[in-house]
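Next comes input.tsv, a file with TSV, C-alpha atoms.
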chain	number	residue	atom	x	y	z
C	1272	MET	CA	-20.31	3.43	-17.63
C	1273	LYS	CA	-17.29	1.62	-16.18
C	1274	SER	CA	-18.09	-0.52	-13.18
C	1275	ILE	CA	-16.36	-1.42	-9.95
C	1276	ILE	CA	-15.13	-5.02	-10.17
C	1277	THR	CA	-15.70	-7.19	-7.11
C	1278	SER	CA	-13.10	-9.95	-7.16
C	1279	THR	CA	-13.92	-13.61	-6.57
C	1280	ILE	CA	-11.27	-13.75	-3.83
C	1281	PRO	CA	-13.38	-14.50	-0.74
C	1282	CYS	CA	-11.27	-12.50	1.75
C	1283	LEU	CA	-7.97	-10.64	1.46
C	1284	ARG	CA	-6.98	-7.51	3.32
C	1285	ASP	CA	-4.64	-4.91	1.78
C	1286	PRO	CA	-4.78	-6.39	-1.76
C	1287	PHE	CA	-1.76	-5.51	-3.91
C	1288	ILE	CA	-1.88	-6.42	-7.61
C	1289	VAL	CA	1.03	-7.34	-9.87
C	1290	ILE	CA	0.75	-8.30	-13.55
C	1291	GLU	CA	3.50	-10.44	-15.04
C	1292	ASP	CA	3.30	-12.00	-18.52
C	1293	GLY	CA	-0.44	-11.37	-18.61
C	1294	VAL	CA	-1.06	-13.12	-15.29
C	1295	TYR	CA	-2.54	-11.27	-12.30
C	1296	TYR	CA	-1.16	-11.83	-8.80
C	1297	ALA	CA	-2.93	-10.53	-5.68
C	1298	TYR	CA	-0.92	-10.35	-2.46
C	1299	GLY	CA	-2.40	-9.57	0.93
C	1300	THR	CA	-2.13	-9.73	4.69
C	1301	GLY	CA	-1.07	-13.15	5.91
C	1302	TRP	CA	1.61	-13.13	3.17
C	1303	ARG	CA	-0.82	-14.95	0.92
C	1304	CYS	CA	-0.98	-14.77	-2.85
C	1305	PHE	CA	-3.71	-15.50	-5.38
C	1306	LYS	CA	-3.07	-16.08	-9.10
C	1307	ASN	CA	-5.45	-15.32	-11.96
C	1308	THR	CA	-4.67	-16.62	-15.46
C	1309	SER	CA	-8.09	-15.81	-16.97
C	1310	GLY	CA	-7.06	-12.44	-18.41
C	1311	SER	CA	-9.94	-10.78	-16.53
C	1312	LEU	CA	-9.94	-9.18	-13.10
C	1313	SER	CA	-13.39	-10.72	-12.53
C	1314	GLY	CA	-12.07	-14.20	-13.34
C	1315	GLU	CA	-11.14	-16.98	-10.95
C	1316	TRP	CA	-8.19	-16.66	-8.57
C	1317	GLU	CA	-6.12	-19.67	-7.50
C	1318	ASP	CA	-5.02	-19.57	-3.85
C	1319	LEU	CA	-1.23	-20.10	-3.75
C	1320	GLY	CA	-1.23	-19.89	0.04
C	1321	VAL	CA	1.63	-18.33	1.99
C	1322	VAL	CA	4.42	-17.42	-0.44
C	1323	VAL	CA	7.01	-16.25	2.12
C	1324	GLU	CA	9.61	-18.34	3.92
C	1325	VAL	CA	8.65	-16.94	7.32
C	1326	PRO	CA	11.66	-15.89	9.45
C	1327	ALA	CA	11.76	-17.20	13.01
C	1328	ASP	CA	11.66	-13.63	14.35
C	1329	ALA	CA	8.42	-12.81	12.49
C	1330	ALA	CA	6.11	-13.52	15.42
C	1331	ALA	CA	2.90	-11.89	14.21
C	1332	CYS	CA	1.34	-9.09	12.13
C	1333	HIS	CA	2.31	-10.40	8.69
C	1334	TRP	CA	0.68	-7.38	7.12
C	1335	ALA	CA	0.22	-5.60	3.81
C	1336	PRO	CA	2.76	-7.17	1.43
C	1337	GLU	CA	3.60	-5.13	-1.67
C	1338	VAL	CA	5.59	-6.69	-4.51
C	1339	HIS	CA	7.71	-4.50	-6.79
C	1340	ARG	CA	9.80	-5.54	-9.79
C	1341	TYR	CA	13.21	-3.93	-9.30
C	1342	HIS	CA	16.56	-4.68	-10.95
C	1343	GLY	CA	15.28	-7.92	-12.45
C	1344	ALA	CA	13.81	-9.51	-9.34
C	1345	PHE	CA	10.65	-9.22	-7.21
C	1346	TYR	CA	10.91	-7.46	-3.86
C	1347	MET	CA	8.24	-7.68	-1.20
C	1348	PHE	CA	7.88	-4.71	1.16
C	1349	THR	CA	5.91	-5.86	4.18
C	1350	THR	CA	5.35	-5.65	7.94
C	1351	TYR	CA	5.86	-8.02	10.84
C	1352	LYS	CA	6.05	-7.90	14.62
C	1353	SER	CA	9.44	-8.93	15.96
C	1354	ALA	CA	9.56	-11.65	18.61
C	1355	GLU	CA	12.83	-10.13	19.80
C	1356	SER	CA	11.89	-6.46	20.15
C	1357	GLY	CA	8.10	-6.68	20.37
C	1358	MET	CA	7.88	-3.86	17.80
C	1359	ARG	CA	6.21	-3.85	14.39
C	1360	GLY	CA	8.44	-2.85	11.50
C	1361	CYS	CA	8.87	-2.97	7.74
C	1362	THR	CA	11.23	-5.32	5.97
C	1363	VAL	CA	12.09	-6.53	2.45
C	1364	PHE	CA	11.93	-10.06	1.02
C	1365	ARG	CA	13.09	-11.15	-2.44
C	1366	ALA	CA	11.99	-13.73	-5.02
C	1367	GLU	CA	12.96	-14.66	-8.55
C	1368	LYS	CA	9.31	-15.19	-9.56
C	1369	PRO	CA	6.12	-13.34	-8.63
C	1370	GLY	CA	4.68	-16.50	-7.09
C	1371	GLY	CA	7.63	-16.78	-4.73
C	1372	PRO	CA	9.02	-18.17	-2.58
C	1373	PHE	CA	10.01	-14.84	-1.05
C	1374	VAL	CA	13.03	-15.15	1.22
C	1375	ARG	CA	14.68	-12.79	3.69
C	1376	HIS	CA	16.57	-10.01	1.91
C	1377	ALA	CA	16.99	-7.30	4.55
C	1378	GLU	CA	18.22	-8.30	8.00
C	1379	GLY	CA	15.21	-7.76	10.23
C	1380	HIS	CA	13.37	-4.47	10.25
C	1381	VAL	CA	14.56	-1.79	7.84
C	1382	THR	CA	12.58	0.89	9.67
C	1383	PRO	CA	13.85	2.24	13.04
C	1384	ARG	CA	14.00	-0.64	15.51
C	1385	ASP	CA	12.49	1.37	18.38
C	1386	TRP	CA	9.48	2.58	16.34
C	1387	ASP	CA	6.23	0.81	15.50
C	1388	CYS	CA	6.14	1.06	11.68
C	1389	ILE	CA	3.83	-0.54	9.12
C	1390	ASP	CA	2.84	-0.46	5.44
C	1391	GLY	CA	6.18	0.30	3.79
C	1392	THR	CA	6.04	1.06	0.07
C	1393	LEU	CA	8.76	1.54	-2.56
C	1394	TYR	CA	9.18	4.74	-4.55
C	1395	VAL	CA	12.08	5.35	-6.96
C	1396	ASP	CA	12.63	9.03	-7.73
C	1397	GLU	CA	13.81	10.74	-10.94
C	1398	GLU	CA	17.47	10.26	-10.00
C	1399	GLY	CA	16.94	6.53	-9.50
C	1400	GLN	CA	17.11	6.85	-5.71
C	1401	PRO	CA	14.89	4.28	-3.96
C	1402	TRP	CA	12.85	5.42	-0.95
C	1403	MET	CA	10.77	3.60	1.60
C	1404	VAL	CA	7.63	5.54	2.46
C	1405	PHE	CA	5.99	4.10	5.56
C	1406	VAL	CA	3.64	4.61	8.48
C	1407	HIS	CA	5.11	5.78	11.78
C	1408	GLU	CA	2.37	4.27	13.92
C	1409	TRP	CA	0.29	6.30	16.37
C	1410	THR	CA	1.09	3.64	18.97
C	1411	CYS	CA	4.62	5.00	19.45
C	1412	THR	CA	4.46	8.72	18.64
C	1413	ASP	CA	4.81	11.25	21.44
C	1414	ASP	CA	1.21	12.51	21.06
C	1415	GLY	CA	-0.57	9.37	19.85
C	1416	ILE	CA	-1.07	10.76	16.32
C	1417	GLY	CA	0.11	8.67	13.38
C	1418	ARG	CA	2.61	10.06	10.89
C	1419	MET	CA	3.62	9.29	7.33
C	1420	ALA	CA	7.40	9.11	6.99
C	1421	ALA	CA	10.07	8.35	4.39
C	1422	ALA	CA	13.79	7.57	4.12
C	1423	LYS	CA	16.25	6.84	1.34
C	1424	LEU	CA	17.21	3.20	0.82
C	1425	SER	CA	20.46	1.65	-0.31
C	1426	ASP	CA	20.44	0.59	-3.94
C	1427	ASP	CA	20.07	-3.06	-2.88
C	1428	LEU	CA	17.03	-2.13	-0.71
C	1429	LYS	CA	18.55	-3.67	2.41
C	1430	THR	CA	19.04	-0.61	4.63
C	1431	MET	CA	18.04	3.00	5.13
C	1432	ILE	CA	20.80	5.44	4.18
C	1433	SER	CA	19.14	8.59	5.52
C	1434	GLU	CA	17.28	9.55	8.66
C	1435	PRO	CA	13.49	9.30	8.29
C	1436	ILE	CA	11.67	12.54	7.53
C	1437	GLU	CA	8.08	13.29	8.54
C	1438	LEU	CA	5.78	13.95	5.56
C	1439	PHE	CA	2.48	14.65	7.32
C	1440	ARG	CA	0.26	13.77	10.29
C	1441	ALA	CA	-2.99	11.80	10.48
C	1442	ASP	CA	-4.84	14.89	11.70
C	1443	ASP	CA	-3.67	17.18	8.87
C	1444	PRO	CA	-6.72	16.63	6.59
C	1445	SER	CA	-10.03	18.25	7.45
C	1446	TRP	CA	-11.89	15.01	6.66
C	1447	THR	CA	-10.14	12.67	9.13
C	1448	ASN	CA	-11.63	11.68	12.46
C	1449	GLN	CA	-9.04	9.18	13.73
C	1450	ARG	CA	-5.32	9.17	14.52
C	1451	VAL	CA	-4.43	6.52	11.93
C	1452	THR	CA	-2.08	6.74	8.95
C	1453	ASP	CA	-2.42	3.67	6.74
C	1454	GLY	CA	-1.77	2.17	3.32
C	1455	CYS	CA	0.52	4.66	1.55
C	1456	PHE	CA	1.13	4.29	-2.20
C	1457	MET	CA	2.96	6.76	-4.48
C	1458	HIS	CA	1.94	7.94	-7.95
C	1459	LYS	CA	3.69	10.35	-10.32
C	1460	CYS	CA	1.20	12.22	-12.50
C	1461	ALA	CA	1.81	12.99	-16.16
C	1462	ASP	CA	2.28	16.69	-15.30
C	1463	GLY	CA	5.04	15.88	-12.79
C	1464	GLN	CA	3.00	16.14	-9.60
C	1465	LEU	CA	3.82	13.53	-6.97
C	1466	ILE	CA	0.78	12.32	-5.06
C	1467	MET	CA	0.21	9.70	-2.41
C	1468	ILE	CA	-2.97	7.76	-1.78
C	1469	TRP	CA	-3.47	6.72	1.84
C	1470	SER	CA	-6.22	5.71	4.23
C	1471	ASN	CA	-7.79	7.01	7.41
C	1472	PHE	CA	-11.38	7.25	8.61
C	1473	GLU	CA	-14.11	9.79	7.99
C	1474	ASP	CA	-17.66	9.86	9.38
C	1475	ALA	CA	-18.77	7.24	6.81
C	1476	GLY	CA	-15.88	4.91	7.71
C	1477	TYR	CA	-12.63	3.73	6.18
C	1478	CYS	CA	-11.68	5.68	3.05
C	1479	VAL	CA	-8.87	6.70	0.67
C	1480	GLY	CA	-7.51	10.23	0.48
C	1481	ILE	CA	-4.94	12.01	-1.66
C	1482	ALA	CA	-1.88	13.91	-0.44
C	1483	ARG	CA	0.47	15.85	-2.73
C	1484	SER	CA	3.99	17.23	-2.63
C	1485	ASP	CA	4.48	20.89	-3.55
C	1486	ASN	CA	7.67	20.22	-5.55
C	1487	GLY	CA	7.08	16.76	-7.04
C	1488	ARG	CA	9.58	15.18	-4.64
C	1489	VAL	CA	9.27	12.99	-1.57
C	1490	ASP	CA	10.94	15.65	0.60
C	1491	GLY	CA	8.58	18.44	-0.47
C	1492	ASN	CA	5.86	20.01	1.65
C	1493	TRP	CA	2.78	17.80	1.65
C	1494	SER	CA	-0.81	19.00	1.57
C	1495	GLN	CA	-4.12	17.14	1.65
C	1496	ASP	CA	-6.83	17.23	-1.01
C	1497	GLU	CA	-10.32	17.90	0.31
C	1498	THR	CA	-11.88	15.47	-2.20
C	1499	LEU	CA	-11.54	11.80	-1.31
C	1500	LEU	CA	-10.65	9.18	-3.90
C	1501	PHE	CA	-12.88	6.52	-2.31
C	1502	SER	CA	-15.59	6.72	0.36
C	1503	LYS	CA	-18.73	4.83	1.27
C	1504	ASN	CA	-20.57	8.07	0.50
C	1505	MET	CA	-19.60	7.61	-3.16
C	1506	THR	CA	-21.04	4.10	-3.50
C	1507	GLY	CA	-23.68	3.93	-0.77
C	1508	GLU	CA	-22.57	0.34	-0.20
C	1509	TYR	CA	-19.28	-0.41	1.56
C	1510	GLU	CA	-16.46	1.51	3.16
C	1511	GLY	CA	-13.00	0.52	1.97
C	1512	GLY	CA	-9.34	1.40	1.96
C	1513	HIS	CA	-5.65	0.50	2.00
C	1514	GLY	CA	-5.29	1.26	-1.69
C	1515	MET	CA	-2.79	0.85	-4.50
C	1516	LEU	CA	-2.92	1.66	-8.21
C	1517	PHE	CA	-2.28	-0.64	-11.17
C	1518	PHE	CA	-3.01	-0.91	-14.89
C	1519	ASP	CA	-4.86	-3.96	-16.20
C	1520	THR	CA	-3.86	-5.84	-19.33
C	1521	ASP	CA	-5.90	-3.38	-21.44
C	1522	GLY	CA	-4.20	-0.32	-19.93
C	1523	GLN	CA	-7.07	0.76	-17.66
C	1524	MET	CA	-5.96	2.18	-14.30
C	1525	TYR	CA	-7.59	0.70	-11.21
C	1526	LEU	CA	-7.60	1.38	-7.49
C	1527	SER	CA	-7.32	-1.86	-5.50
C	1528	ILE	CA	-8.76	-1.82	-1.96
C	1529	HIS	CA	-10.50	-4.16	0.45
C	1530	ALA	CA	-14.14	-3.40	1.20
C	1531	PRO	CA	-15.51	-3.41	3.83
C	1532	ASN	CA	-12.84	-2.94	6.49
C	1533	THR	CA	-14.62	-5.28	8.91
C	1534	PRO	CA	-17.08	-8.05	7.98
C	1535	ILE	CA	-20.72	-7.10	7.43
C	1536	GLY	CA	-23.02	-10.12	7.52
C	1537	ASN	CA	-21.59	-12.68	5.11
C	1538	ARG	CA	-19.47	-10.07	3.34
C	1539	ARG	CA	-15.83	-10.29	4.40
C	1540	GLU	CA	-12.91	-7.99	3.46
C	1541	THR	CA	-13.11	-8.42	-0.30
C	1542	PRO	CA	-10.69	-7.01	-2.88
C	1543	ILE	CA	-12.47	-4.62	-5.24
C	1544	PHE	CA	-11.09	-2.74	-8.24
C	1545	VAL	CA	-12.29	0.80	-8.92
C	1546	PRO	CA	-11.61	2.31	-12.40
C	1547	ILE	CA	-9.47	5.45	-12.05
C	1548	LYS	CA	-8.05	8.09	-14.38
C	1549	GLU	CA	-5.76	11.10	-14.16
C	1550	GLN	CA	-7.51	14.42	-14.63
C	1551	ASN	CA	-6.09	17.91	-14.08
C	1552	GLY	CA	-3.16	16.70	-12.00
C	1553	THR	CA	-5.13	14.41	-9.73
C	1554	LEU	CA	-6.92	11.03	-9.65
C	1555	VAL	CA	-10.67	10.62	-10.11
C	1556	TRP	CA	-13.09	7.79	-10.73
C	1557	ASP	CA	-13.23	6.83	-14.40
C	1558	ARG	CA	-16.99	6.33	-14.77

Can you give me the file's structure in the form of structure tokens?
Amino acid sequence: MKSIITSTIPCLRDPFIVIEDGVYYAYGTGWRCFKNTSGSLSGEWEDLGVVVEVPADAAACHWAPEVHRYHGAFYMFTTYKSAESGMRGCTVFRAEKPGGPFVRHAEGHVTPRDWDCIDGTLYVDEEGQPWMVFVHEWTCTDDGIGRMAAAKLSDDLKTMISEPIELFRADDPSWTNQRVTDGCFMHKCADGQLIMIWSNFEDAGYCVGIARSDNGRVDGNWSQDETLLFSKNMTGEYEGGHGMLFFDTDGQMYLSIHAPNTPIGNRRETPIFVPIKEQNGTLVWDR
């Protein structure tokens, strides 16, 4: 039976994993990075500290960095609160190496300047068109319900070249009990289905659900699976969320999340890695 791996990183929210030349990198809120050269996800992680040259305007909320290799460089999609506008938004930094330093690439927020937006992720479609999928925060919607949104990006990832479209609402799934949309990450299944993992809350706490497009494209009609990908009810131990998917050096797919969402006793928000596989056009635990 394959086991959940609890990392030795003592605390890191929104853990995003990149593998480059056999080395694991874990990025997380605070724009921090940890490096693991052991060849094992359960090995030791070196704290590289903050790996971003922080812009003067980035006043707070240095949240949820994702690093994507694109056109020969490493691009960080991340969130910050602007000292100028007072709004949270998503931006893009760039580095030549996965360990940084990541420097300003886009000028300020890429997402609409008068929206609160967080958790931007990169998806490149079949035509090679890059998209930013992101959270339109409940804090600035007309009814206080969070949305998931998306827009096309310029090829250099610096600007949006289309108006954002709404994909779905936080209250669309039957299992949700809060107004939050959080932690989107895209995955194209072998059979062509496009799915998104994302987080909200159920009765047992923070969790990871699955949404899917009806036509395999970002601009399709999105529906919500009833079966969660991760929940405290599945482990009996900790809630967890803000997920992404990666393959380890042996080709095993994992879900990376932090668990729990808030500290419990001496247990802080710890990155854990859940073995996952594709099955019948969806994602399930690989036990």

Find the residues near Thr1541 in chain C: any atom within 10 Å, counting all atoms listed in the file, skip ones fewer than 3 places away on the same chain, and give them as a JSON list (two decimals) with C-alpha atoms, in the frame of the given file.
[["chain", "number", "residue", "atom", "x", "y", "z"],
["C", 1277, "THR", "CA", -15.70, -7.19, -7.11],
["C", 1278, "SER", "CA", -13.10, -9.95, -7.16],
["C", 1279, "THR", "CA", -13.92, -13.61, -6.57],
["C", 1280, "ILE", "CA", -11.27, -13.75, -3.83],
["C", 1281, "PRO", "CA", -13.38, -14.50, -0.74],
["C", 1282, "CYS", "CA", -11.27, -12.50, 1.75],
["C", 1283, "LEU", "CA", -7.97, -10.64, 1.46],
["C", 1284, "ARG", "CA", -6.98, -7.51, 3.32],
["C", 1285, "ASP", "CA", -4.64, -4.91, 1.78],
["C", 1286, "PRO", "CA", -4.78, -6.39, -1.76],
["C", 1511, "GLY", "CA", -13.00, 0.52, 1.97],
["C", 1528, "ILE", "CA", -8.76, -1.82, -1.96],
["C", 1529, "HIS", "CA", -10.50, -4.16, 0.45],
["C", 1530, "ALA", "CA", -14.14, -3.40, 1.20],
["C", 1531, "PRO", "CA", -15.51, -3.41, 3.83],
["C", 1532, "ASN", "CA", -12.84, -2.94, 6.49],
["C", 1533, "THR", "CA", -14.62, -5.28, 8.91],
["C", 1534, "PRO", "CA", -17.08, -8.05, 7.98],
["C", 1538, "ARG", "CA", -19.47, -10.07, 3.34],
["C", 1544, "PHE", "CA", -11.09, -2.74, -8.24]]

What are the closest atom pairs, with distances in Å to one decimal, for each residue of range 1464-1483 of chain C lying within 10 Å of range 1550-1554 of chain C, using all atoms listed in the file, rows by chain and rising residue number, as a tab-separated table?
residue	atom	partner	partner_atom	distance
C:Gln1464	CA	C:Gly1552	CA	6.6
C:Leu1465	CA	C:Gly1552	CA	9.2
C:Ile1466	CA	C:Thr1553	CA	7.8
C:Ile1468	CA	C:Leu1554	CA	9.4
C:Ile1481	CA	C:Leu1554	CA	8.3
C:Ala1482	CA	C:Thr1553	CA	9.9
C:Arg1483	CA	C:Thr1553	CA	9.1

Quick one: everything within 9 Å of Phe1405 in chain C, counting all atoms listed in the file, minus sequence neighbours fewer than 5 positions away in the same chain. Send it as a PDB file with C-alpha atoms, in the frame of the given file.
ATOM      1  CA  CYS C1361       8.870  -2.970   7.740  1.00  0.00           C
ATOM      2  CA  THR C1382      12.580   0.890   9.670  1.00  0.00           C
ATOM      3  CA  CYS C1388       6.140   1.060  11.680  1.00  0.00           C
ATOM      4  CA  ILE C1389       3.830  -0.540   9.120  1.00  0.00           C
ATOM      5  CA  ASP C1390       2.840  -0.460   5.440  1.00  0.00           C
ATOM      6  CA  GLY C1391       6.180   0.300   3.790  1.00  0.00           C
ATOM      7  CA  THR C1392       6.040   1.060   0.070  1.00  0.00           C
ATOM      8  CA  LEU C1393       8.760   1.540  -2.560  1.00  0.00           C
ATOM      9  CA  ARG C1418       2.610  10.060  10.890  1.00  0.00           C
ATOM     10  CA  MET C1419       3.620   9.290   7.330  1.00  0.00           C
ATOM     11  CA  ALA C1420       7.400   9.110   6.990  1.00  0.00           C
ATOM     12  CA  ALA C1421      10.070   8.350   4.390  1.00  0.00           C
ATOM     13  CA  ALA C1422      13.790   7.570   4.120  1.00  0.00           C
ATOM     14  CA  ASP C1453      -2.420   3.670   6.740  1.00  0.00           C
ATOM     15  CA  GLY C1454      -1.770   2.170   3.320  1.00  0.00           C
ATOM     16  CA  CYS C1455       0.520   4.660   1.550  1.00  0.00           C
TER      17      CYS C1455
END

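Nearest to Met1505 in chain C of all the residues C:Thr1520, C:Thr1362, C:Val1555, C:Arg1450 is C:Val1555, based on all atoms listed in the file.
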
I'd like the neighbourhood of Thr1447 in chain C as an MDAnalysis selection string, where a residue qualifies if any of its atoms comes within 9 Å (using all atoms listed in the file), though same-chain residues fewer than 2 positions away should be ignored. chainID C and resid 1441:1445 1449:1451 1471:1474

Residue with the minimum atom-to-atom distance to His1407 in chain C, picked from C:Asp1427, C:Asp1519, C:Asp1557, C:Asp1385 with only C-alpha atoms counted, is C:Asp1385

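If you measure from each of C:Gly1343, C:Pro1372, C:Pro1542, C:Gly1357 to Leu1312 in chain C using all atoms listed in the file, the closest one turns out to be C:Pro1542.
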
Kindly give the distance, in Å, that separates CA of Ser1311 in chain C and CA of Arg1558 in chain C, rounded to a single decimal.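 Between CA of Ser1311 in chain C and CA of Arg1558 in chain C the gap is 18.6 Å.
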
Incomplete range 1311-1326 of chain C filled out to N, CA, C and O atoms as a PDB file, keeping the file's coordinate frame:
ATOM      1  N   SER C1311      -8.910 -11.695 -16.997  1.00  0.00           N
ATOM      2  CA  SER C1311      -9.940 -10.780 -16.530  1.00  0.00           C
ATOM      3  C   SER C1311      -9.859 -10.638 -15.017  1.00  0.00           C
ATOM      4  O   SER C1311      -9.734 -11.635 -14.292  1.00  0.00           O
ATOM      5  N   LEU C1312      -9.977  -9.401 -14.542  1.00  0.00           N
ATOM      6  CA  LEU C1312      -9.940  -9.180 -13.100  1.00  0.00           C
ATOM      7  C   LEU C1312     -11.130  -9.829 -12.388  1.00  0.00           C
ATOM      8  O   LEU C1312     -11.070 -10.110 -11.189  1.00  0.00           O
ATOM      9  N   SER C1313     -12.216 -10.065 -13.118  1.00  0.00           N
ATOM     10  CA  SER C1313     -13.390 -10.720 -12.530  1.00  0.00           C
ATOM     11  C   SER C1313     -13.324 -12.242 -12.656  1.00  0.00           C
ATOM     12  O   SER C1313     -14.261 -12.937 -12.252  1.00  0.00           O
ATOM     13  N   GLY C1314     -12.215 -12.753 -13.185  1.00  0.00           N
ATOM     14  CA  GLY C1314     -12.070 -14.200 -13.340  1.00  0.00           C
ATOM     15  C   GLY C1314     -11.718 -14.886 -12.034  1.00  0.00           C
ATOM     16  O   GLY C1314     -11.705 -14.283 -10.965  1.00  0.00           O
ATOM     17  N   GLU C1315     -11.433 -16.183 -12.135  1.00  0.00           N
ATOM     18  CA  GLU C1315     -11.140 -16.980 -10.950  1.00  0.00           C
ATOM     19  C   GLU C1315      -9.692 -16.794 -10.509  1.00  0.00           C
ATOM     20  O   GLU C1315      -8.789 -16.640 -11.328  1.00  0.00           O
ATOM     21  N   TRP C1316      -9.501 -16.842  -9.178  1.00  0.00           N
ATOM     22  CA  TRP C1316      -8.190 -16.660  -8.570  1.00  0.00           C
ATOM     23  C   TRP C1316      -7.799 -17.940  -7.836  1.00  0.00           C
ATOM     24  O   TRP C1316      -8.529 -18.404  -6.964  1.00  0.00           O
ATOM     25  N   GLU C1317      -6.643 -18.477  -8.175  1.00  0.00           N
ATOM     26  CA  GLU C1317      -6.120 -19.670  -7.500  1.00  0.00           C
ATOM     27  C   GLU C1317      -5.368 -19.246  -6.240  1.00  0.00           C
ATOM     28  O   GLU C1317      -4.507 -18.364  -6.283  1.00  0.00           O
ATOM     29  N   ASP C1318      -5.673 -19.879  -5.124  1.00  0.00           N
ATOM     30  CA  ASP C1318      -5.020 -19.570  -3.850  1.00  0.00           C
ATOM     31  C   ASP C1318      -3.672 -20.292  -3.795  1.00  0.00           C
ATOM     32  O   ASP C1318      -3.619 -21.521  -3.715  1.00  0.00           O
ATOM     33  N   LEU C1319      -2.580 -19.525  -3.836  1.00  0.00           N
ATOM     34  CA  LEU C1319      -1.230 -20.100  -3.750  1.00  0.00           C
ATOM     35  C   LEU C1319      -0.775 -20.257  -2.308  1.00  0.00           C
ATOM     36  O   LEU C1319       0.303 -20.802  -2.059  1.00  0.00           O
ATOM     37  N   GLY C1320      -1.592 -19.780  -1.369  1.00  0.00           N
ATOM     38  CA  GLY C1320      -1.230 -19.890   0.040  1.00  0.00           C
ATOM     39  C   GLY C1320      -0.180 -18.875   0.438  1.00  0.00           C
ATOM     40  O   GLY C1320      -0.007 -17.832  -0.191  1.00  0.00           O
ATOM     41  N   VAL C1321       0.560 -19.195   1.498  1.00  0.00           N
ATOM     42  CA  VAL C1321       1.630 -18.330   1.990  1.00  0.00           C
ATOM     43  C   VAL C1321       2.834 -18.475   1.059  1.00  0.00           C
ATOM     44  O   VAL C1321       3.293 -19.602   0.821  1.00  0.00           O
ATOM     45  N   VAL C1322       3.340 -17.362   0.545  1.00  0.00           N
ATOM     46  CA  VAL C1322       4.420 -17.420  -0.440  1.00  0.00           C
ATOM     47  C   VAL C1322       5.732 -16.865   0.115  1.00  0.00           C
ATOM     48  O   VAL C1322       6.659 -16.576  -0.628  1.00  0.00           O
ATOM     49  N   VAL C1323       5.817 -16.750   1.438  1.00  0.00           N
ATOM     50  CA  VAL C1323       7.010 -16.250   2.120  1.00  0.00           C
ATOM     51  C   VAL C1323       7.590 -17.365   2.986  1.00  0.00           C
ATOM     52  O   VAL C1323       6.851 -18.085   3.665  1.00  0.00           O
ATOM     53  N   GLU C1324       8.917 -17.502   2.948  1.00  0.00           N
ATOM     54  CA  GLU C1324       9.610 -18.340   3.920  1.00  0.00           C
ATOM     55  C   GLU C1324       9.712 -17.526   5.202  1.00  0.00           C
ATOM     56  O   GLU C1324      10.541 -16.619   5.313  1.00  0.00           O
ATOM     57  N   VAL C1325       8.853 -17.811   6.161  1.00  0.00           N
ATOM     58  CA  VAL C1325       8.650 -16.940   7.320  1.00  0.00           C
ATOM     59  C   VAL C1325       9.863 -17.027   8.254  1.00  0.00           C
ATOM     60  O   VAL C1325      10.197 -18.115   8.756  1.00  0.00           O
ATOM     61  N   PRO C1326      10.523 -15.888   8.513  1.00  0.00           N
ATOM     62  CA  PRO C1326      11.660 -15.890   9.450  1.00  0.00           C
ATOM     63  C   PRO C1326      11.206 -16.222  10.862  1.00  0.00           C
ATOM     64  O   PRO C1326      10.067 -15.931  11.256  1.00  0.00           O
TER      65      PRO C1326
END
